[in-house]
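Written below as structure tokens is the structure these notes are about.
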Amino acid sequence: MGIYEELQARGLIAQVTDEARIRELVNSGKATFYIGFDCTADSLTAGHFMALTLMKRLQMAGNRPIALIGGGTTMIGDPTGRTDMRKMLTIEDINHNAECFKRQMERFIDFSDGKAMMVNNADWLLKLNYIELLREVGACFSVNNMLRAECYKQRMEKGLSFLEFNYMIMQSYDFYMLFQKYGCNLQFGGDDQWSNMLGGTELIRRKLGEDAAAMTITLLTDSQGKKMGKTAGNAVWLDPNKTSPFDFYQYWRNVDDADVLKCIKMLTFLPLEEIQKMEAWEGSQLNRAKEILAYELTQMVHGKEEADKAQASARALFGGGAHSENMPTTEITADDMTDGAINILDLLMKAGLASSKGEGRRLVQQGGVSVDDAKVTDIAKTCTAADFEKGHIIIKKGKKVFHKVVLK
């Protein structure tokens, strides 16, 4: 089985422009391909996992990845999947985020000895002359075709800024530049990026001719990755300071039964033969599959030691254990208390389990909060120093989120 066939078997391919050419290219290790990452935050998320593991798979098969840092496109903002315009970031913020991305990508991709490249599209996008861009690039795009693109159609009713309207042109120009500068002959992206990616292929054809276009092959990964990495409205980060290894493990441990084998296929490097045996698993066996998924991904991001700790902590909790050394922890002091007590809503906010008192109130009223295994039913409940007699309390949010609070 070649790498192309493996990607198919793992459910990673949704659409391609020329399957025969792509199959030959990647199976022979002759692809120089890119995936873009806009720098909208200072950490990658679990939603980037598919792209990172895909790059690693293809590199292991002899192909060369280009990780394209979107220092330029981040200044415009991708409208895809958005109901409003992204927050405008400063150049300083974008550069900082790009550096954070680089450090995290190096855990997945081997950049030594020219085996992979990391490129920032700010190097060419920020130098563009507006009139030159309109004449040389804008003339290659049909506004009618652009308006038919799904990423724009979804925003037309609520308002699409002219700034965002240019995003497709910028992304297309990236492929054009990477093709010329680095011989990049393949691009990857989620299926919601299809129109933008076809724009890059068409731009090369229009600017460099049919012979060049024959070498620009667009391969598309499934958009499942876009759906990953968020829970309860919050991103699941790869940075351990933003999402602890325990919380990261728990996120994957808690995926739906219907999604666990799909995630194992798409995101882990377990052999397909081993995964196929899991397809017959039912009931409690699916919990074992979830443990395998959570452990494999936590080990990839945070290392074996942290994965071992997270798994041991999770098993202690789900097995009825009353302690966990590696549970996410918040420290409070007497200064955080009023008259020797702290209200449960304030405690939820300090522990990061609620973003506001309103959210905390809803959690309590819906029966979603327990303290040391006792359900909290009153939003006026307080915790005093006596409640911390053993040094800490454990707050449970919902069925599977645990947090330790220590009184210093």
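Letters A, B, ... go to the chains of the structure tokens in the order shown; residues in each chain start at 1; ligands are counted from 1 in the same order.
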
Closest contacts (region 92-143 of chain A/region 279-301 of chain A, max 9 Å, only C-alpha atoms) as a Markdown table:
| residue | atom | partner | partner_atom | distance |
| --- | --- | --- | --- | --- |
| A:Gln104 | CA | A:Val301 | CA | 8.4 |
| A:Arg107 | CA | A:Val301 | CA | 7.2 |
| A:Phe108 | CA | A:Met300 | CA | 7.8 |

Using only C-alpha atoms, which protein or nucleic acid residues come within 9 Å of Gly340 (chain A)? Drop anything in the same chain fewer than 3 positions from it, and give the result as a PyMOL selection string. chain A and resi 334-337+383-385

I need the chosen residues saved as a PDB file, in the first residue's frame, with N, CA and C atoms.
ATOM      1  N   ALA A 334      -6.159  33.081  51.593  1.00  0.00           N
ATOM      2  CA  ALA A 334      -7.176  33.702  52.445  1.00  0.00           C
ATOM      3  C   ALA A 334      -7.621  35.045  51.881  1.00  0.00           C
ATOM      4  N   ASP A 335      -6.749  35.698  51.109  1.00  0.00           N
ATOM      5  CA  ASP A 335      -7.106  36.984  50.513  1.00  0.00           C
ATOM      6  C   ASP A 335      -8.214  36.845  49.475  1.00  0.00           C
ATOM      7  N   ASP A 336      -8.389  35.643  48.926  1.00  0.00           N
ATOM      8  CA  ASP A 336      -9.450  35.412  47.942  1.00  0.00           C
ATOM      9  C   ASP A 336     -10.809  35.211  48.608  1.00  0.00           C
ATOM     10  N   MET A 337     -10.801  35.096  49.944  1.00  0.00           N
ATOM     11  CA  MET A 337     -12.040  34.837  50.675  1.00  0.00           C
ATOM     12  C   MET A 337     -12.583  36.115  51.298  1.00  0.00           C
ATOM     13  N   CYS A 383     -17.478  27.966  50.202  1.00  0.00           N
ATOM     14  CA  CYS A 383     -16.486  27.034  50.724  1.00  0.00           C
ATOM     15  C   CYS A 383     -15.627  27.783  51.736  1.00  0.00           C
ATOM     16  N   THR A 384     -15.464  27.191  52.914  1.00  0.00           N
ATOM     17  CA  THR A 384     -14.677  27.814  53.978  1.00  0.00           C
ATOM     18  C   THR A 384     -13.367  27.058  54.156  1.00  0.00           C
ATOM     19  N   ALA A 385     -12.528  27.563  55.052  1.00  0.00           N
ATOM     20  CA  ALA A 385     -11.250  26.897  55.311  1.00  0.00           C
ATOM     21  C   ALA A 385     -11.459  25.470  55.792  1.00  0.00           C
TER      22      ALA A 385
END

Rows by chain and residue number, region 173-210 of chain A within 12 Å of region 2-21 of chain A, shortest pair, only C-alpha atoms, as a Markdown table:
| residue | atom | partner | partner_atom | distance |
| --- | --- | --- | --- | --- |
| A:Asn185 | CA | A:Arg21 | CA | 10.8 |
| A:Leu186 | CA | A:Thr17 | CA | 10.4 |
| A:Gln187 | CA | A:Val16 | CA | 10.2 |
| A:Phe188 | CA | A:Val16 | CA | 9.7 |
| A:Gly189 | CA | A:Ile13 | CA | 10.1 |
| A:Gly190 | CA | A:Ala14 | CA | 8.7 |
| A:Asp191 | CA | A:Ala14 | CA | 7.0 |
| A:Asp192 | CA | A:Ala14 | CA | 10.7 |
| A:Gln193 | CA | A:Gln15 | CA | 11.0 |
| A:Trp194 | CA | A:Gln15 | CA | 8.5 |
| A:Ser195 | CA | A:Gln15 | CA | 11.7 |
| A:Met197 | CA | A:Thr17 | CA | 10.2 |
| A:Leu198 | CA | A:Thr17 | CA | 8.5 |
| A:Thr201 | CA | A:Thr17 | CA | 9.5 |
| A:Glu202 | CA | A:Thr17 | CA | 11.4 |

Using only C-alpha atoms, can you tell me which of A:Ala380, A:Leu178, A:Ile91, A:Leu347 comes closest to Ile395 (chain A)?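 Smallest separation from Ile395 (chain A) among the options: A:Leu347.
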
All residues 9 Å or closer to Thr330 (chain A), only C-alpha atoms, same chain fewer than 4 positions away omitted, as a list in words: Lys350, Ala351, Gly352, His403, Lys404, Val405, Val406 and Leu407 of chain A

Restricting it to N, CA and C atoms, dump the selection as a compact mmCIF listing (two decimals), in the first residue's frame.
# COMPACT_ATOMS: atom_id res chain seq x y z
N LYS A 350 -12.35 31.44 39.28
CA LYS A 350 -10.92 31.39 39.57
C LYS A 350 -10.29 30.11 39.03
N ALA A 351 -11.06 29.04 39.01
CA ALA A 351 -10.54 27.76 38.51
C ALA A 351 -10.62 27.67 36.99
N GLY A 352 -11.19 28.69 36.35
CA GLY A 352 -11.31 28.67 34.89
C GLY A 352 -12.39 27.73 34.39
N HIS A 403 -11.18 19.41 38.59
CA HIS A 403 -10.22 20.48 38.88
C HIS A 403 -9.98 20.53 40.38
N LYS A 404 -8.70 20.59 40.72
CA LYS A 404 -8.31 20.65 42.15
C LYS A 404 -8.09 22.12 42.54
N VAL A 405 -8.62 22.50 43.70
CA VAL A 405 -8.39 23.85 44.24
C VAL A 405 -7.69 23.70 45.58
N VAL A 406 -6.53 24.33 45.70
CA VAL A 406 -5.71 24.23 46.90
C VAL A 406 -5.76 25.55 47.65
N LEU A 407 -5.95 25.49 48.96
CA LEU A 407 -5.91 26.69 49.80
C LEU A 407 -4.53 26.79 50.42

Restricting the calculation to only C-alpha atoms, which member of A:Met1, A:Leu317, A:Ile94, A:Cys184 is positioned closest to Ala41 (chain A)? A:Ile94

DSSP on the backbone, then: every residue of region 116-248 of chain A marked strand (DSSP E or B), written as a list of chain:residue names.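 Filtering region 116-248 of chain A to strand (DSSP E or B) leaves A:Met117, A:Met118, A:Val119, A:Asn120, A:Leu186, A:Gln187, A:Gly190, A:Ile217, A:Thr218, A:Leu219, A:Leu220, A:Thr221, A:Lys230, A:Thr231, A:Asn234, A:Ala235, A:Trp237.
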
For Pro65 (chain A), please output as a list in words all residues within 8 Å (counting only C-alpha atoms; exclusion window: fewer than 6 positions along the same chain). Thr32, Phe33, Tyr34, Ile35, Met55, Leu58, Gln59, Lys115, Ala116 and Met117 of chain A

Find, counting only C-alpha atoms, the residue in A:Val255, A:Ala307, A:Val376, A:Met168 that gets nearest to Tyr152 (chain A). A:Met168

Run DSSP on the backbone of this structure and report the residues of region 111-260 of chain A it assigns to helix (DSSP H, G or I), as a PyMOL selection string. chain A and resi 112-114+122-125+130-136+138-140+143-148+150-156+162-165+167-182+191-208+210-213+224-227+245-253+257-260

Could you work out how far CA of Asn196 (chain A) lies from CA of Val137 (chain A), giving the answer in Å with one decimal?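 About the pair CA of Val137 (chain A) and CA of Asn196 (chain A): they are 13.9 Å apart.
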
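The space separating CA of Ile169 (chain A) from CA of Asn144 (chain A) comes to 13.8 Å.
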
Using only C-alpha atoms, which of the listed residues (A:Ile275, A:Met170, A:Ile66, A:Val260) sits closest to Gly114 (chain A)?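 Ranked by minimum distance to Gly114 (chain A), first place goes to A:Ile66.
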
Computed interatomic separation between CA of Asp174 (chain A) and CA of Asn120 (chain A) (Å):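 Spanning CA of Asp174 (chain A) to CA of Asn120 (chain A) is a straight-line distance of 9.8 Å.
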
Using only C-alpha atoms, which protein or nucleic acid residues come within 6 Å of region 361-373 of chain A? Drop anything in the same chain fewer than 4 positions from it, and give the result as a count of residues only. 7
